[in-house]
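A.B. asks: If it helps, the file is called work.txt and holds compact mmCIF, C-alpha atoms:
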# COMPACT_ATOMS: atom_id res chain seq x y z
CA MET A 2 -6.71 7.15 -22.64
CA ASP A 3 -3.86 9.44 -23.69
CA GLU A 4 -6.35 12.21 -24.53
CA HIS A 5 -7.88 12.01 -21.05
CA LEU A 6 -4.50 12.00 -19.31
CA THR A 7 -3.33 14.97 -21.38
CA ALA A 8 -6.48 16.88 -20.42
CA LEU A 9 -5.99 15.88 -16.76
CA ASP A 10 -2.36 17.05 -16.82
CA ALA A 11 -3.43 20.37 -18.35
CA ALA A 12 -6.23 20.79 -15.81
CA VAL A 13 -3.93 20.11 -12.86
CA ASP A 14 -1.30 22.48 -14.27
CA GLY A 15 -4.02 25.12 -14.62
CA LEU A 16 -5.15 24.59 -11.04
CA LEU A 17 -1.56 24.91 -9.84
CA ASP A 18 -1.20 28.22 -11.67
CA ASP A 19 -4.60 29.72 -10.79
CA GLY A 20 -4.60 32.34 -8.07
CA LEU A 21 -6.61 31.62 -4.96
CA SER A 22 -6.78 35.07 -3.38
CA ALA A 23 -9.68 36.20 -5.59
CA LEU A 24 -11.85 33.27 -4.49
CA SER A 25 -14.48 33.86 -1.85
CA ASP A 26 -14.54 31.68 1.26
CA ALA A 27 -17.49 29.76 -0.23
CA ASP A 28 -15.53 29.27 -3.46
CA ILE A 29 -12.57 27.85 -1.51
CA VAL A 30 -14.88 25.35 0.25
CA GLU A 31 -16.51 24.35 -3.05
CA THR A 32 -13.11 24.01 -4.73
CA LEU A 33 -11.85 21.79 -1.92
CA GLN A 34 -14.95 19.59 -2.20
CA ARG A 35 -14.80 19.33 -5.99
CA LEU A 36 -11.09 18.56 -5.95
CA GLU A 37 -11.58 15.87 -3.29
CA THR A 38 -14.32 14.24 -5.36
CA SER A 39 -12.01 14.21 -8.39
CA LEU A 40 -9.14 12.74 -6.38
CA ARG A 41 -11.41 9.99 -5.08
CA LYS A 42 -12.55 9.15 -8.60
CA ALA A 43 -8.91 9.14 -9.71
CA ALA A 44 -8.18 6.56 -6.99
CA ALA A 45 -10.90 4.37 -8.50
CA VAL A 46 -9.13 4.65 -11.87
CA GLY A 47 -5.94 3.55 -10.10
CA THR A 48 -7.80 0.50 -8.82
CA ARG A 49 -8.86 -0.37 -12.36
CA LEU A 50 -5.24 -0.07 -13.50
CA ILE A 51 -4.01 -2.34 -10.70
CA VAL A 52 -6.55 -4.99 -11.72
CA GLU A 53 -5.52 -4.65 -15.38
CA SER A 54 -1.83 -4.88 -14.43
CA VAL A 55 -2.40 -8.13 -12.53
CA GLU A 56 -4.61 -9.63 -15.22
CA ARG A 57 -1.97 -8.84 -17.87
CA SER A 58 0.81 -10.23 -15.65
CA LEU A 59 2.72 -6.94 -15.85
CA PRO A 60 4.65 -7.62 -12.63
CA ASP A 61 6.12 -10.79 -14.20
CA LYS A 62 6.90 -8.94 -17.43
CA HIS A 63 8.83 -6.34 -15.42
CA ASP A 64 10.70 -8.90 -13.29
CA CYS A 65 8.70 -8.08 -10.17
CA SER A 66 7.68 -10.94 -7.92
CA THR A 67 4.39 -9.33 -6.84
CA ILE A 68 1.98 -6.58 -7.82
CA ASN A 69 3.10 -4.75 -4.67
CA ASN A 70 6.73 -4.78 -5.83
CA PHE A 71 5.61 -3.67 -9.29
CA LEU A 72 3.80 -0.64 -7.83
CA ILE A 73 6.74 0.20 -5.57
CA ALA A 74 9.14 0.06 -8.52
CA THR A 75 7.02 1.81 -11.15
CA LEU A 76 5.26 4.42 -8.99
CA ARG A 77 7.86 4.84 -6.22
CA LEU A 78 5.26 4.01 -3.57
CA SER A 79 6.03 3.04 0.00
CA VAL A 80 5.56 -0.60 0.94
CA GLY A 81 2.51 0.31 3.03
CA ASP A 82 0.85 2.41 0.33
CA ALA A 83 1.36 -0.29 -2.29
CA ALA A 84 -0.07 -2.93 0.07
CA ARG A 85 -3.15 -0.77 0.84
CA ARG A 86 -3.82 -0.14 -2.85
CA VAL A 87 -3.52 -3.80 -3.76
CA ALA A 88 -5.69 -4.90 -0.82
CA ALA A 89 -8.33 -2.35 -1.85
CA ALA A 90 -8.18 -3.48 -5.49
CA LYS A 91 -8.82 -7.06 -4.37
CA LYS A 92 -12.04 -5.96 -2.67
CA VAL A 93 -13.40 -3.13 -4.82
CA GLY A 94 -11.86 -3.96 -8.19
CA THR A 95 -13.77 -5.57 -11.02
CA TRP A 96 -11.78 -8.68 -11.84
CA HIS A 97 -12.23 -11.21 -14.64
CA HIS A 98 -12.51 -14.98 -14.58
CA PRO A 99 -9.95 -16.71 -16.83
CA THR A 100 -12.83 -17.29 -19.27
CA GLY A 101 -13.24 -13.51 -19.54
CA GLU A 102 -16.40 -13.31 -17.45
CA GLN A 103 -16.52 -10.11 -15.40
CA LEU A 104 -16.67 -10.75 -11.64
CA PRO A 105 -18.47 -8.28 -9.37
CA PRO A 106 -16.42 -6.52 -6.68
CA ASP A 107 -16.42 -8.18 -3.25
CA LEU A 108 -17.60 -4.86 -1.81
CA PRO A 109 -19.98 -3.50 -4.47
CA GLY A 110 -21.41 -0.62 -2.41
CA THR A 111 -17.93 0.53 -1.46
CA ALA A 112 -16.72 0.21 -5.06
CA ALA A 113 -19.64 2.25 -6.41
CA ALA A 114 -19.19 4.95 -3.76
CA GLN A 115 -15.50 5.28 -4.67
CA ARG A 116 -16.22 5.42 -8.41
CA ASP A 117 -18.72 8.21 -7.70
CA GLY A 118 -16.17 10.12 -5.62
CA ALA A 119 -18.24 9.84 -2.43
CA ILE A 120 -15.48 7.99 -0.58
CA GLY A 121 -11.73 7.79 -0.89
CA PRO A 122 -8.98 5.25 -0.32
CA ASP A 123 -8.95 5.84 3.44
CA HIS A 124 -12.65 5.03 3.63
CA VAL A 125 -12.14 1.87 1.57
CA HIS A 126 -9.32 0.82 3.92
CA GLU A 127 -11.52 1.47 6.95
CA ILE A 128 -14.49 -0.44 5.52
CA ARG A 129 -12.28 -3.40 4.61
CA GLY A 130 -10.89 -3.41 8.14
CA VAL A 131 -14.29 -3.34 9.82
CA LEU A 132 -15.74 -6.04 7.57
CA GLY A 133 -12.66 -8.16 8.11
CA LYS A 134 -13.54 -8.36 11.81
CA ILE A 135 -16.96 -9.89 11.17
CA PRO A 136 -16.89 -13.59 12.11
CA ARG A 137 -17.22 -16.03 9.22
CA SER A 138 -20.23 -17.54 10.97
CA VAL A 139 -22.29 -14.42 10.19
CA ASP A 140 -24.78 -14.89 7.37
CA PRO A 141 -23.35 -13.54 4.06
CA ALA A 142 -26.56 -11.57 3.43
CA THR A 143 -26.06 -9.76 6.73
CA VAL A 144 -22.45 -8.97 5.82
CA GLU A 145 -23.66 -7.65 2.46
CA VAL A 146 -26.09 -5.29 4.20
CA ALA A 147 -23.35 -4.20 6.62
CA GLU A 148 -21.06 -3.38 3.70
CA GLN A 149 -23.61 -0.91 2.33
CA ILE A 150 -24.07 1.10 5.56
CA ARG A 151 -20.84 3.12 5.67
CA PRO A 152 -20.74 4.15 1.99
CA GLN A 153 -24.42 5.15 2.06
CA ALA A 154 -23.94 7.22 5.20
CA LEU A 155 -20.90 8.97 3.77
CA ARG A 156 -22.81 9.74 0.55
CA ALA A 157 -25.52 11.35 2.68
CA GLY A 158 -22.97 13.41 4.60
CA ARG A 159 -23.41 11.44 7.81
CA ASP A 160 -20.73 9.59 9.71
CA PRO A 161 -22.10 6.38 11.25
CA GLN A 162 -18.97 6.25 13.39
CA PRO A 163 -18.96 9.63 15.15
CA ASN A 164 -16.11 8.63 17.44
CA SER A 165 -13.83 7.55 14.62
CA PRO A 166 -10.48 9.28 14.29
CA GLY A 167 -10.74 12.45 12.33
CA PRO A 168 -10.30 16.16 12.79
CA ARG A 169 -9.85 16.98 16.44
CA PRO A 170 -11.86 19.87 17.85
CA ARG A 171 -9.81 22.92 18.69
CA ARG A 172 -9.27 23.49 22.41
CA ARG A 173 -10.86 26.92 22.33
CA SER A 174 -14.08 25.51 20.89
CA PRO A 175 -16.99 26.35 23.21
CA THR A 176 -18.49 22.85 22.92
CA PRO A 177 -16.81 19.49 22.45
CA GLY A 178 -17.03 17.67 19.15
CA ASN A 179 -16.93 18.73 15.56
CA ASN A 180 -19.18 21.77 15.13
CA CYS A 181 -18.11 22.40 11.56
CA SER A 182 -20.76 23.66 9.17
CA ALA A 183 -18.60 23.61 6.04
CA THR A 184 -20.53 20.83 4.32
Take the structure in the file and write it out as structure tokens.
C.D. replies:
Amino acid sequence: MDEHLTALDAAVDGLLDDGLSALSDADIVETLQRLETSLRKAAAVGTRLIVESVERSLPDKHDCSTINNFLIATLRLSVGDAARRVAAAKKVGTWHHPTGEQLPPDLPGTAAAQRDGAIGPDHVHEIRGVLGKIPRSVDPATVEVAEQIRPQALRAGRDPQPNSPGPRPRRRSPTPGNNCSAT
């Protein structure tokens, strides 16, 4: 793990020091996309570490009453950010039964999409929120299918919720909506 973190630190330092003015417009777009994918994958690593921290009882060992308080104290997170990360870890994390048996994530499609870098923490939060509004009377198989829709659409570069909050069109745009072709 130390080797990977050392390489990550060096890579980020290199990116901070690299000049951007020599990059073409297409290179800037590609760099933004590649960096975003890496950040999303890094968030999935953070989820794994939250699960491991809970399963090892690290909050107790550090005199913290909850995993949220542990994250606030050790990472200097806001209360809201810690709560979102923990809530996401509960749904997309791979937990273990006390016997050691690995338990699948509650939202397997969402978890896989985050591990692949196709979606980020905001998407996970949104998906959790939408699925949380589904009545308990709905058949679990239907909920399972519903959970797959958003991650699959985002992987394909489509937004199944075109009216969701996001970048606002500029006022001087000749047509309403997002006419961006930067994908």
A.B. asks: So, counting all atoms listed in the file, which residue among A:Asp64, A:Ile51, A:Val139, A:Asn69 is closest to Gly81 (chain A)?
C.D. replies: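 When distances to Gly81 (chain A) are compared using all atoms listed in the file, the smallest one comes from A:Asn69.
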A.B. asks: Just to confirm, what's the straight-line distance from CA of Ile128 (chain A) to CA of Pro99 (chain A) in Å (one decimal)?
C.D. replies: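 We find that CA of Ile128 (chain A) and CA of Pro99 (chain A) lie 28.0 Å from each other.
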A.B. asks: Any idea what the distance is between CA of Leu132 (chain A) and CA of Ala83 (chain A)?
C.D. replies: 20.6 Å
A.B. asks: Which one is closest to Ala147 (chain A): A:Ala119, A:Val52, A:Leu108, A:Ala23? Count only C-alpha atoms.
C.D. replies: A:Leu108
A.B. asks: Which distance in Å separates CA of Arg116 (chain A) and CA of Ala45 (chain A), to one decimal?
C.D. replies: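 Atom-to-atom, CA of Arg116 (chain A) and CA of Ala45 (chain A) are spaced 5.4 Å apart.
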A.B. asks: Which residues are close to Gln149 (chain A), i.e. within 12 Å by only C-alpha atoms, leaving aside same-chain residues fewer than 5 positions away? Reply as a list in words.
C.D. replies: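 Everything that qualifies: Asp107, Leu108, Pro109, Gly110, Thr111, Ala112, Ala113, Ala114, Val125, Ile128, Arg129, Leu132, Ala142, Thr143, Val144, Ala154, Leu155, Arg156 and Pro161 of chain A.
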A.B. asks: Can you put all heavy atoms back into region 25-36 of chain A and show it as a PDB file, keeping the file's coordinate frame?
C.D. replies:
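And here's result.pdb as it stands now:
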ATOM      1  N   SER A  25     -13.778  33.610  -3.117  1.00  0.00           N
ATOM      2  CA  SER A  25     -14.480  33.860  -1.850  1.00  0.00           C
ATOM      3  C   SER A  25     -14.277  32.649  -0.936  1.00  0.00           C
ATOM      4  O   SER A  25     -13.836  31.583  -1.373  1.00  0.00           O
ATOM      5  CB  SER A  25     -15.976  34.063  -2.112  1.00  0.00           C
ATOM      6  OG  SER A  25     -16.567  32.832  -2.523  1.00  0.00           O
ATOM      7  N   ASP A  26     -14.636  32.810   0.325  1.00  0.00           N
ATOM      8  CA  ASP A  26     -14.540  31.680   1.260  1.00  0.00           C
ATOM      9  C   ASP A  26     -15.394  30.513   0.769  1.00  0.00           C
ATOM     10  O   ASP A  26     -14.973  29.358   0.823  1.00  0.00           O
ATOM     11  CB  ASP A  26     -15.003  32.106   2.653  1.00  0.00           C
ATOM     12  CG  ASP A  26     -14.040  33.084   3.317  1.00  0.00           C
ATOM     13  OD1 ASP A  26     -12.966  33.370   2.735  1.00  0.00           O
ATOM     14  OD2 ASP A  26     -14.370  33.563   4.415  1.00  0.00           O
ATOM     15  N   ALA A  27     -16.595  30.815   0.277  1.00  0.00           N
ATOM     16  CA  ALA A  27     -17.490  29.760  -0.230  1.00  0.00           C
ATOM     17  C   ALA A  27     -16.865  29.080  -1.447  1.00  0.00           C
ATOM     18  O   ALA A  27     -16.985  27.864  -1.608  1.00  0.00           O
ATOM     19  CB  ALA A  27     -18.854  30.342  -0.583  1.00  0.00           C
ATOM     20  N   ASP A  28     -16.184  29.853  -2.290  1.00  0.00           N
ATOM     21  CA  ASP A  28     -15.530  29.270  -3.460  1.00  0.00           C
ATOM     22  C   ASP A  28     -14.390  28.339  -3.045  1.00  0.00           C
ATOM     23  O   ASP A  28     -14.175  27.303  -3.676  1.00  0.00           O
ATOM     24  CB  ASP A  28     -14.969  30.368  -4.375  1.00  0.00           C
ATOM     25  CG  ASP A  28     -16.041  31.158  -5.089  1.00  0.00           C
ATOM     26  OD1 ASP A  28     -17.176  30.657  -5.212  1.00  0.00           O
ATOM     27  OD2 ASP A  28     -15.746  32.295  -5.532  1.00  0.00           O
ATOM     28  N   ILE A  29     -13.651  28.708  -2.001  1.00  0.00           N
ATOM     29  CA  ILE A  29     -12.570  27.850  -1.510  1.00  0.00           C
ATOM     30  C   ILE A  29     -13.152  26.518  -1.028  1.00  0.00           C
ATOM     31  O   ILE A  29     -12.651  25.441  -1.367  1.00  0.00           O
ATOM     32  CB  ILE A  29     -11.786  28.528  -0.362  1.00  0.00           C
ATOM     33  CG1 ILE A  29     -10.997  29.730  -0.876  1.00  0.00           C
ATOM     34  CG2 ILE A  29     -10.878  27.538   0.370  1.00  0.00           C
ATOM     35  CD1 ILE A  29      -9.773  29.384  -1.703  1.00  0.00           C
ATOM     36  N   VAL A  30     -14.247  26.573  -0.253  1.00  0.00           N
ATOM     37  CA  VAL A  30     -14.880  25.350   0.250  1.00  0.00           C
ATOM     38  C   VAL A  30     -15.354  24.493  -0.918  1.00  0.00           C
ATOM     39  O   VAL A  30     -15.101  23.279  -0.968  1.00  0.00           O
ATOM     40  CB  VAL A  30     -16.041  25.671   1.215  1.00  0.00           C
ATOM     41  CG1 VAL A  30     -16.841  24.415   1.556  1.00  0.00           C
ATOM     42  CG2 VAL A  30     -15.512  26.334   2.477  1.00  0.00           C
ATOM     43  N   GLU A  31     -16.021  25.101  -1.890  1.00  0.00           N
ATOM     44  CA  GLU A  31     -16.510  24.350  -3.050  1.00  0.00           C
ATOM     45  C   GLU A  31     -15.355  23.750  -3.847  1.00  0.00           C
ATOM     46  O   GLU A  31     -15.426  22.602  -4.287  1.00  0.00           O
ATOM     47  CB  GLU A  31     -17.349  25.253  -3.958  1.00  0.00           C
ATOM     48  CG  GLU A  31     -17.861  24.506  -5.176  1.00  0.00           C
ATOM     49  CD  GLU A  31     -18.605  25.388  -6.179  1.00  0.00           C
ATOM     50  OE1 GLU A  31     -18.796  26.589  -5.924  1.00  0.00           O
ATOM     51  OE2 GLU A  31     -18.980  24.835  -7.226  1.00  0.00           O
ATOM     52  N   THR A  32     -14.276  24.508  -3.999  1.00  0.00           N
ATOM     53  CA  THR A  32     -13.110  24.010  -4.730  1.00  0.00           C
ATOM     54  C   THR A  32     -12.493  22.819  -4.013  1.00  0.00           C
ATOM     55  O   THR A  32     -12.131  21.818  -4.645  1.00  0.00           O
ATOM     56  CB  THR A  32     -12.080  25.137  -4.936  1.00  0.00           C
ATOM     57  OG1 THR A  32     -12.704  26.203  -5.667  1.00  0.00           O
ATOM     58  CG2 THR A  32     -10.865  24.657  -5.697  1.00  0.00           C
ATOM     59  N   LEU A  33     -12.368  22.925  -2.698  1.00  0.00           N
ATOM     60  CA  LEU A  33     -11.850  21.790  -1.920  1.00  0.00           C
ATOM     61  C   LEU A  33     -12.717  20.555  -2.120  1.00  0.00           C
ATOM     62  O   LEU A  33     -12.205  19.447  -2.337  1.00  0.00           O
ATOM     63  CB  LEU A  33     -11.818  22.146  -0.429  1.00  0.00           C
ATOM     64  CG  LEU A  33     -10.652  22.989   0.056  1.00  0.00           C
ATOM     65  CD1 LEU A  33     -10.927  23.539   1.450  1.00  0.00           C
ATOM     66  CD2 LEU A  33      -9.369  22.173   0.047  1.00  0.00           C
ATOM     67  N   GLN A  34     -14.033  20.725  -2.058  1.00  0.00           N
ATOM     68  CA  GLN A  34     -14.950  19.590  -2.200  1.00  0.00           C
ATOM     69  C   GLN A  34     -14.881  18.993  -3.601  1.00  0.00           C
ATOM     70  O   GLN A  34     -14.847  17.766  -3.749  1.00  0.00           O
ATOM     71  CB  GLN A  34     -16.380  20.033  -1.877  1.00  0.00           C
ATOM     72  CG  GLN A  34     -16.575  20.346  -0.408  1.00  0.00           C
ATOM     73  CD  GLN A  34     -17.908  20.998  -0.106  1.00  0.00           C
ATOM     74  OE1 GLN A  34     -18.496  21.672  -0.955  1.00  0.00           O
ATOM     75  NE2 GLN A  34     -18.395  20.816   1.111  1.00  0.00           N
ATOM     76  N   ARG A  35     -14.858  19.834  -4.618  1.00  0.00           N
ATOM     77  CA  ARG A  35     -14.800  19.330  -5.990  1.00  0.00           C
ATOM     78  C   ARG A  35     -13.484  18.621  -6.265  1.00  0.00           C
ATOM     79  O   ARG A  35     -13.453  17.573  -6.919  1.00  0.00           O
ATOM     80  CB  ARG A  35     -15.024  20.456  -6.987  1.00  0.00           C
ATOM     81  CG  ARG A  35     -16.456  20.969  -6.993  1.00  0.00           C
ATOM     82  CD  ARG A  35     -16.662  22.113  -7.941  1.00  0.00           C
ATOM     83  NE  ARG A  35     -16.450  21.678  -9.321  1.00  0.00           N
ATOM     84  CZ  ARG A  35     -16.419  22.507 -10.361  1.00  0.00           C
ATOM     85  NH1 ARG A  35     -16.587  23.802 -10.185  1.00  0.00           N
ATOM     86  NH2 ARG A  35     -16.230  22.035 -11.571  1.00  0.00           N
ATOM     87  N   LEU A  36     -12.390  19.185  -5.767  1.00  0.00           N
ATOM     88  CA  LEU A  36     -11.090  18.560  -5.950  1.00  0.00           C
ATOM     89  C   LEU A  36     -11.041  17.206  -5.245  1.00  0.00           C
ATOM     90  O   LEU A  36     -10.559  16.213  -5.806  1.00  0.00           O
ATOM     91  CB  LEU A  36      -9.966  19.469  -5.434  1.00  0.00           C
ATOM     92  CG  LEU A  36      -8.554  18.910  -5.572  1.00  0.00           C
ATOM     93  CD1 LEU A  36      -8.191  18.671  -7.032  1.00  0.00           C
ATOM     94  CD2 LEU A  36      -7.548  19.856  -4.926  1.00  0.00           C
TER      95      LEU A  36
END
